[in-house]
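Trainee: Take a look at this one; I'll ask things after.
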Amino acid sequence: MSSATLGNPLLNPPRHQRLKHLARRASLRLAGGILVLWAVATLTFFALRLMPGDPVLAILGGPSGNPTAETIAEATREYGLDKPLAVQYGLYLVRLVQGDLGVSYSQHLPVTRVLAEQSGPTLELTITALLLAWLMVLALTVLTAGRRRWLGRLASLAETVAAALPHFWLGILLLAVFAFGLRLFPPAGSDGWRTLVLPSVALAIPLAGFIAQVTRESLELTLEQPFVLTARTRGLSDFAVRFRHALRHAVLPGISLSGWAIGSLISGAVVIEVIFSRKGLGRQLYQAVQAQDLPLTIGISLVVAAVYVLANILIDLLYLWVDPRQQEAQA
Amino acid sequence: MSELTLDASQLNVRAQRKPRSLRLGVWLAGTFLLLLIVAALAPQLFAHSDPLAIVPRDAFHAPGWGHWFGTDQSGRDIFSRVIYGTRQSLLIGLAATALAMGIAIVLGLTGGLGGRRTDRGVGWVLEILFAFPSLVLALLFVAIFGSGIGPLIIATGLGSAPGYARMVRGQVLAVRNSGYIEAARALGHPPLRIIGRQLLPNAMRPLIVTLTMGVGQAIVWASALSFLGLGAPPPAPEWGTMLSMGRDFVANAWWLTFFPGLFIVLTTLSTTVVGRYLQQRLEGRLS
């Protein structure tokens, strides 16, 4: 940032060096991420084994299934539940490394297949929500920051309120108004873009509130920086100053917040998918937990953790890319 | 939750730049919170009808003079249910935040004061906890220990602990090398006393604000779990449970879900506004 660093070739490495640095950082983070995933698998495995209730009964259709002693013994052997816990854990890890997540107790399908089927809709929902949230953030902050006071206050009030809205309440209200009242969108289902509108708006609004609060602060600070004044004296329009010069600085805190946002979106997706009866990992997790479906629960937790880890690595790199000063600070 | 770390550092800016904004908001928010606390302690002051009384002939009354917030499918008065629900919802929020903070202080102190290896270890634990989104962690927890108020509090507390722990650790690291700690050590105070008298109070001060806002967030998460049917069992007047019950009737009786949700939103909003105000005051005194 200071003028001394700008001319110094040592502190401004050429592009290929920057890329190399980024790659090294990414691989380090990936290695750490794999360790985290192993820990998640282990924790979930043992935690769910502590669960009250016999897993065999869960396999055979819950306590109401009323299976005979022979069926129980057979299922116990078939799913390897008669072996000691440590052996079961070892076998589980070996299969996990081979990409085999076992068979879902409640759906009697390979977990990997359930995951493959359910990941798509959830990914669609969360990515749409994230994009929508950033769109709202940009519209709300870039256009209103540093303008007339009442406008800024109004926008910041809107942001505070938006951040306080719980997903589930917003979801129900949207459902009541736009699906049942005005009949503009279908109340349930997961086929076609029309079913995507209400759920993604319900997820995006609170998120946009959080990100916008942070972005507004940094944008207002940035607009007072000398380089913005320089840009203005060069005759740039206000619009260009905001979008081409100030925005790049202002989005940084918002980007680092996006890592948290991924987690919050996944949590939100559980509730939203239940409300809108959408296909997806969130609703599946909710059902798997209730059905004591051990392999499926671990499988979904792993996917969620993997997404979180990967997304954070990406965000880390994006941060460095948007703000090269960070690399110099680390080098 | 980790957003609070950022919020805190970013909001400093607001405090310096707009010292007198939000005044009316602070008054409104403070009054609302006060009323909530009174309602939690003595709900009969506000609501005269029994929150559990079933009057089948009064079912599905729209909001009006007789029933301000309408009635539900069994003719129970929504207004008195919301008022009576305050105690439970507030208690859940407070207890969950306290629990989260307890875990966070243990983890943060261990990380901040232990050696480099311990700090790494704590960093890993946090990283792992972060990989479970709060609701996923809470779902797993409820799956193991069953649903109900107790597990609900623990699940919500666990879900928000890693964010606080990261902040406590940062604060401890920042405070531990400061002059007054060095002075206390030079004076020969025993380590535990330094932690209790100097380190913790100074490290915790910026966290007061986060905690205020955290109570609101905890209420939201807890009601999300109740909404999924994992909290207080149905007839209980708890905000999340009420939302969950009203969901089935959303097509023709919007008030069943609107009012409990409105109270959740107003509570969160008020804790945020009051939290920011506290931050302004604390920072004003510090600078």
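Labels used: A, B, ... for chains in the order of the structure tokens, numbers from 1 for residues in each chain, and numbers from 1 for ligands as shown.
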Excluding same-chain residues fewer than 2 positions from Pro186 of chain A, what lies within 12 Å of it counting only C-alpha atoms, as a list in words?
Mentor: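 Residues meeting the cut-off are Leu174, Leu175, Ala176, Val177, Phe178, Ala179, Phe180, Gly181, Leu182, Arg183, Leu184, Ala188, Gly189, Ser190, Asp191, Gly192, Trp193, Arg194, Thr195, Leu196, Val197, Leu198, Pro199, Phe276, Ser277 and Arg278 of chain A.
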Trainee: Go ahead and save the picked residues with N, CA and C atoms, as a short mmCIF file (atom, residue, chain, number, x, y, z; two decimals), in the first residue's frame.
Mentor:
```
data_model
loop_
_atom_site.label_atom_id
_atom_site.label_comp_id
_atom_site.auth_asym_id
_atom_site.auth_seq_id
_atom_site.Cartn_x
_atom_site.Cartn_y
_atom_site.Cartn_z
N LEU A 174 -42.48 -16.13 2.47
CA LEU A 174 -42.45 -16.13 1.00
C LEU A 174 -43.42 -17.15 0.45
N LEU A 175 -43.45 -18.31 1.13
CA LEU A 175 -44.36 -19.38 0.74
C LEU A 175 -45.80 -18.89 0.83
N ALA A 176 -46.13 -18.23 1.94
CA ALA A 176 -47.51 -17.80 2.16
C ALA A 176 -47.91 -16.74 1.14
N VAL A 177 -46.99 -15.79 0.88
CA VAL A 177 -47.35 -14.67 0.01
C VAL A 177 -47.27 -15.06 -1.47
N PHE A 178 -46.13 -15.60 -1.90
CA PHE A 178 -45.92 -15.78 -3.34
C PHE A 178 -46.38 -17.12 -3.87
N ALA A 179 -46.47 -18.14 -3.00
CA ALA A 179 -46.92 -19.44 -3.50
C ALA A 179 -48.41 -19.65 -3.25
N PHE A 180 -48.85 -19.37 -2.00
CA PHE A 180 -50.25 -19.62 -1.71
C PHE A 180 -51.14 -18.41 -2.00
N GLY A 181 -50.59 -17.19 -1.73
CA GLY A 181 -51.39 -15.99 -1.93
C GLY A 181 -51.48 -15.60 -3.39
N LEU A 182 -50.33 -15.24 -3.98
CA LEU A 182 -50.33 -14.73 -5.35
C LEU A 182 -50.20 -15.85 -6.38
N ARG A 183 -49.85 -17.05 -5.94
CA ARG A 183 -49.69 -18.21 -6.82
C ARG A 183 -48.71 -17.93 -7.96
N LEU A 184 -47.65 -17.20 -7.68
CA LEU A 184 -46.66 -16.90 -8.71
C LEU A 184 -45.67 -18.03 -8.89
N ALA A 188 -43.76 -26.18 -3.68
CA ALA A 188 -42.86 -27.28 -3.36
C ALA A 188 -42.29 -27.87 -4.63
N GLY A 189 -41.30 -28.74 -4.48
CA GLY A 189 -40.72 -29.41 -5.62
C GLY A 189 -39.33 -28.92 -5.93
N SER A 190 -38.65 -29.60 -6.88
CA SER A 190 -37.28 -29.19 -7.21
C SER A 190 -37.00 -29.28 -8.70
N ASP A 191 -38.03 -29.19 -9.52
CA ASP A 191 -37.80 -29.23 -10.97
C ASP A 191 -38.06 -27.87 -11.60
N GLY A 192 -37.10 -27.41 -12.38
CA GLY A 192 -37.28 -26.15 -13.11
C GLY A 192 -36.88 -24.95 -12.28
N TRP A 193 -36.62 -23.84 -12.98
CA TRP A 193 -36.09 -22.66 -12.30
C TRP A 193 -37.13 -22.01 -11.39
N ARG A 194 -38.42 -22.22 -11.70
CA ARG A 194 -39.44 -21.56 -10.89
C ARG A 194 -39.45 -22.05 -9.45
N THR A 195 -39.08 -23.33 -9.25
CA THR A 195 -39.05 -23.84 -7.88
C THR A 195 -37.83 -23.32 -7.13
N LEU A 196 -36.87 -22.79 -7.88
CA LEU A 196 -35.61 -22.35 -7.26
C LEU A 196 -35.73 -20.94 -6.70
N VAL A 197 -36.69 -20.16 -7.22
CA VAL A 197 -36.74 -18.73 -6.90
C VAL A 197 -36.94 -18.47 -5.41
N LEU A 198 -38.06 -18.96 -4.86
CA LEU A 198 -38.37 -18.65 -3.47
C LEU A 198 -37.30 -19.18 -2.50
N PRO A 199 -36.88 -20.46 -2.61
CA PRO A 199 -35.87 -20.93 -1.66
C PRO A 199 -34.58 -20.13 -1.72
N PHE A 276 -39.57 -26.21 1.71
CA PHE A 276 -40.05 -26.22 0.33
C PHE A 276 -40.08 -27.63 -0.25
N SER A 277 -39.91 -28.64 0.58
CA SER A 277 -39.88 -30.04 0.14
C SER A 277 -39.02 -30.21 -1.11
N ARG A 278 -37.82 -29.66 -1.05
CA ARG A 278 -36.90 -29.78 -2.19
C ARG A 278 -36.03 -30.99 -2.02
#
```
Trainee: Could you tell me which residues of chain A sit within 7 Å of chain B when counting only C-alpha atoms, and give me the result as a list in words?
Mentor: Val36, Ala39, Val40, Leu48, Leu50, Met51, Pro52, Val161, Ala164, Leu165, Pro166, Phe168, Trp169, Ala176, Phe180, Val214, Glu217, Leu257, Trp260, Gly263, Ser264, Ile266, Ser267, Val289, Gln290, Ala305, Tyr308 and Val309 of chain A
Trainee: Quick one: residues within 8 Å of segment 314-324 of chain A, only C-alpha atoms, excluding same-chain residues fewer than 2 positions away - as an NGL selection string?
Mentor: :A and (22 or 26 or 248-249 or 252 or 255-256 or 258-259 or 310-312 or 326-328)
Trainee: Those residues you just picked out, can you put them in a file as a compact mmCIF listing (two decimals), in the first residue's frame with N, CA and C atoms?
Mentor:
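Saved result, again04.txt, follows:
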```
# COMPACT_ATOMS: atom_id res chain seq x y z
N LEU A 22 0.87 -19.24 -5.01
CA LEU A 22 -0.53 -19.61 -4.83
C LEU A 22 -0.69 -21.13 -4.82
N ALA A 26 -2.03 -23.54 -1.91
CA ALA A 26 -3.21 -24.37 -2.13
C ALA A 26 -2.94 -25.81 -1.73
N ARG A 248 -12.79 -2.98 -5.60
CA ARG A 248 -11.79 -4.02 -5.38
C ARG A 248 -11.29 -4.02 -3.94
N HIS A 249 -11.13 -2.86 -3.37
CA HIS A 249 -10.70 -2.78 -1.98
C HIS A 249 -11.83 -3.15 -1.03
N LEU A 252 -13.00 -6.98 -0.03
CA LEU A 252 -12.13 -7.92 0.70
C LEU A 252 -12.77 -8.50 1.97
N ILE A 255 -15.40 -10.93 1.05
CA ILE A 255 -14.91 -12.21 0.54
C ILE A 255 -14.52 -13.13 1.69
N SER A 256 -13.83 -12.58 2.68
CA SER A 256 -13.42 -13.48 3.76
C SER A 256 -14.65 -13.92 4.56
N SER A 258 -17.35 -14.76 3.11
CA SER A 258 -18.01 -15.78 2.29
C SER A 258 -17.68 -17.18 2.77
N GLY A 259 -16.51 -17.37 3.38
CA GLY A 259 -16.16 -18.69 3.91
C GLY A 259 -17.16 -19.10 4.97
N LEU A 310 -12.92 -27.08 0.77
CA LEU A 310 -12.56 -26.63 -0.57
C LEU A 310 -12.92 -25.16 -0.78
N ALA A 311 -14.13 -24.80 -0.34
CA ALA A 311 -14.58 -23.42 -0.53
C ALA A 311 -13.64 -22.46 0.20
N ASN A 312 -13.18 -22.87 1.37
CA ASN A 312 -12.30 -21.97 2.11
C ASN A 312 -10.94 -21.82 1.45
N GLN A 326 -1.40 -8.98 0.22
CA GLN A 326 -1.38 -10.04 1.22
C GLN A 326 -0.20 -10.97 1.01
N GLN A 327 0.10 -11.25 -0.29
CA GLN A 327 1.20 -12.16 -0.57
C GLN A 327 2.52 -11.56 -0.16
N GLU A 328 2.67 -10.26 -0.43
CA GLU A 328 3.92 -9.62 -0.07
C GLU A 328 4.10 -9.67 1.44
```
Trainee: Return as JSON, numbers by chain the full set of residues in segment 146-199 of chain B whose backbone-based DSSP assignment is alpha helix (DSSP H).
Mentor: {"B": [149, 150, 151, 152, 153, 154, 155, 156, 157, 158, 159, 160, 161, 162, 163, 164, 165, 166, 167, 168, 169, 170, 171, 172, 173, 174, 175, 176, 179, 180, 181, 182, 183, 184, 185, 186, 191, 192, 193, 194]}
Trainee: Report as JSON, numbers by chain all protein, DNA and RNA residues lying within 9 Å of Ile103 of chain B, evaluated on only C-alpha atoms, omitting residues in the same chain fewer than 5 positions from it.
Mentor: {"B": [98, 108, 157, 158, 161, 162, 164, 165]}
Trainee: Report, in Å with one decimal, the straight-line distance from atom CA of Gly114 of chain B to atom CA of Thr212 of chain B.
Mentor: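 Between atom CA of Gly114 of chain B and atom CA of Thr212 of chain B the gap is 28.4 Å.
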Trainee: Tell me which of A:Ser200, A:Val137, A:Ala240, A:Val97 sits closest to Pro121 of chain A, counting only C-alpha atoms.
Mentor: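 With only C-alpha atoms as the atom set, the closest residue is A:Ser200.
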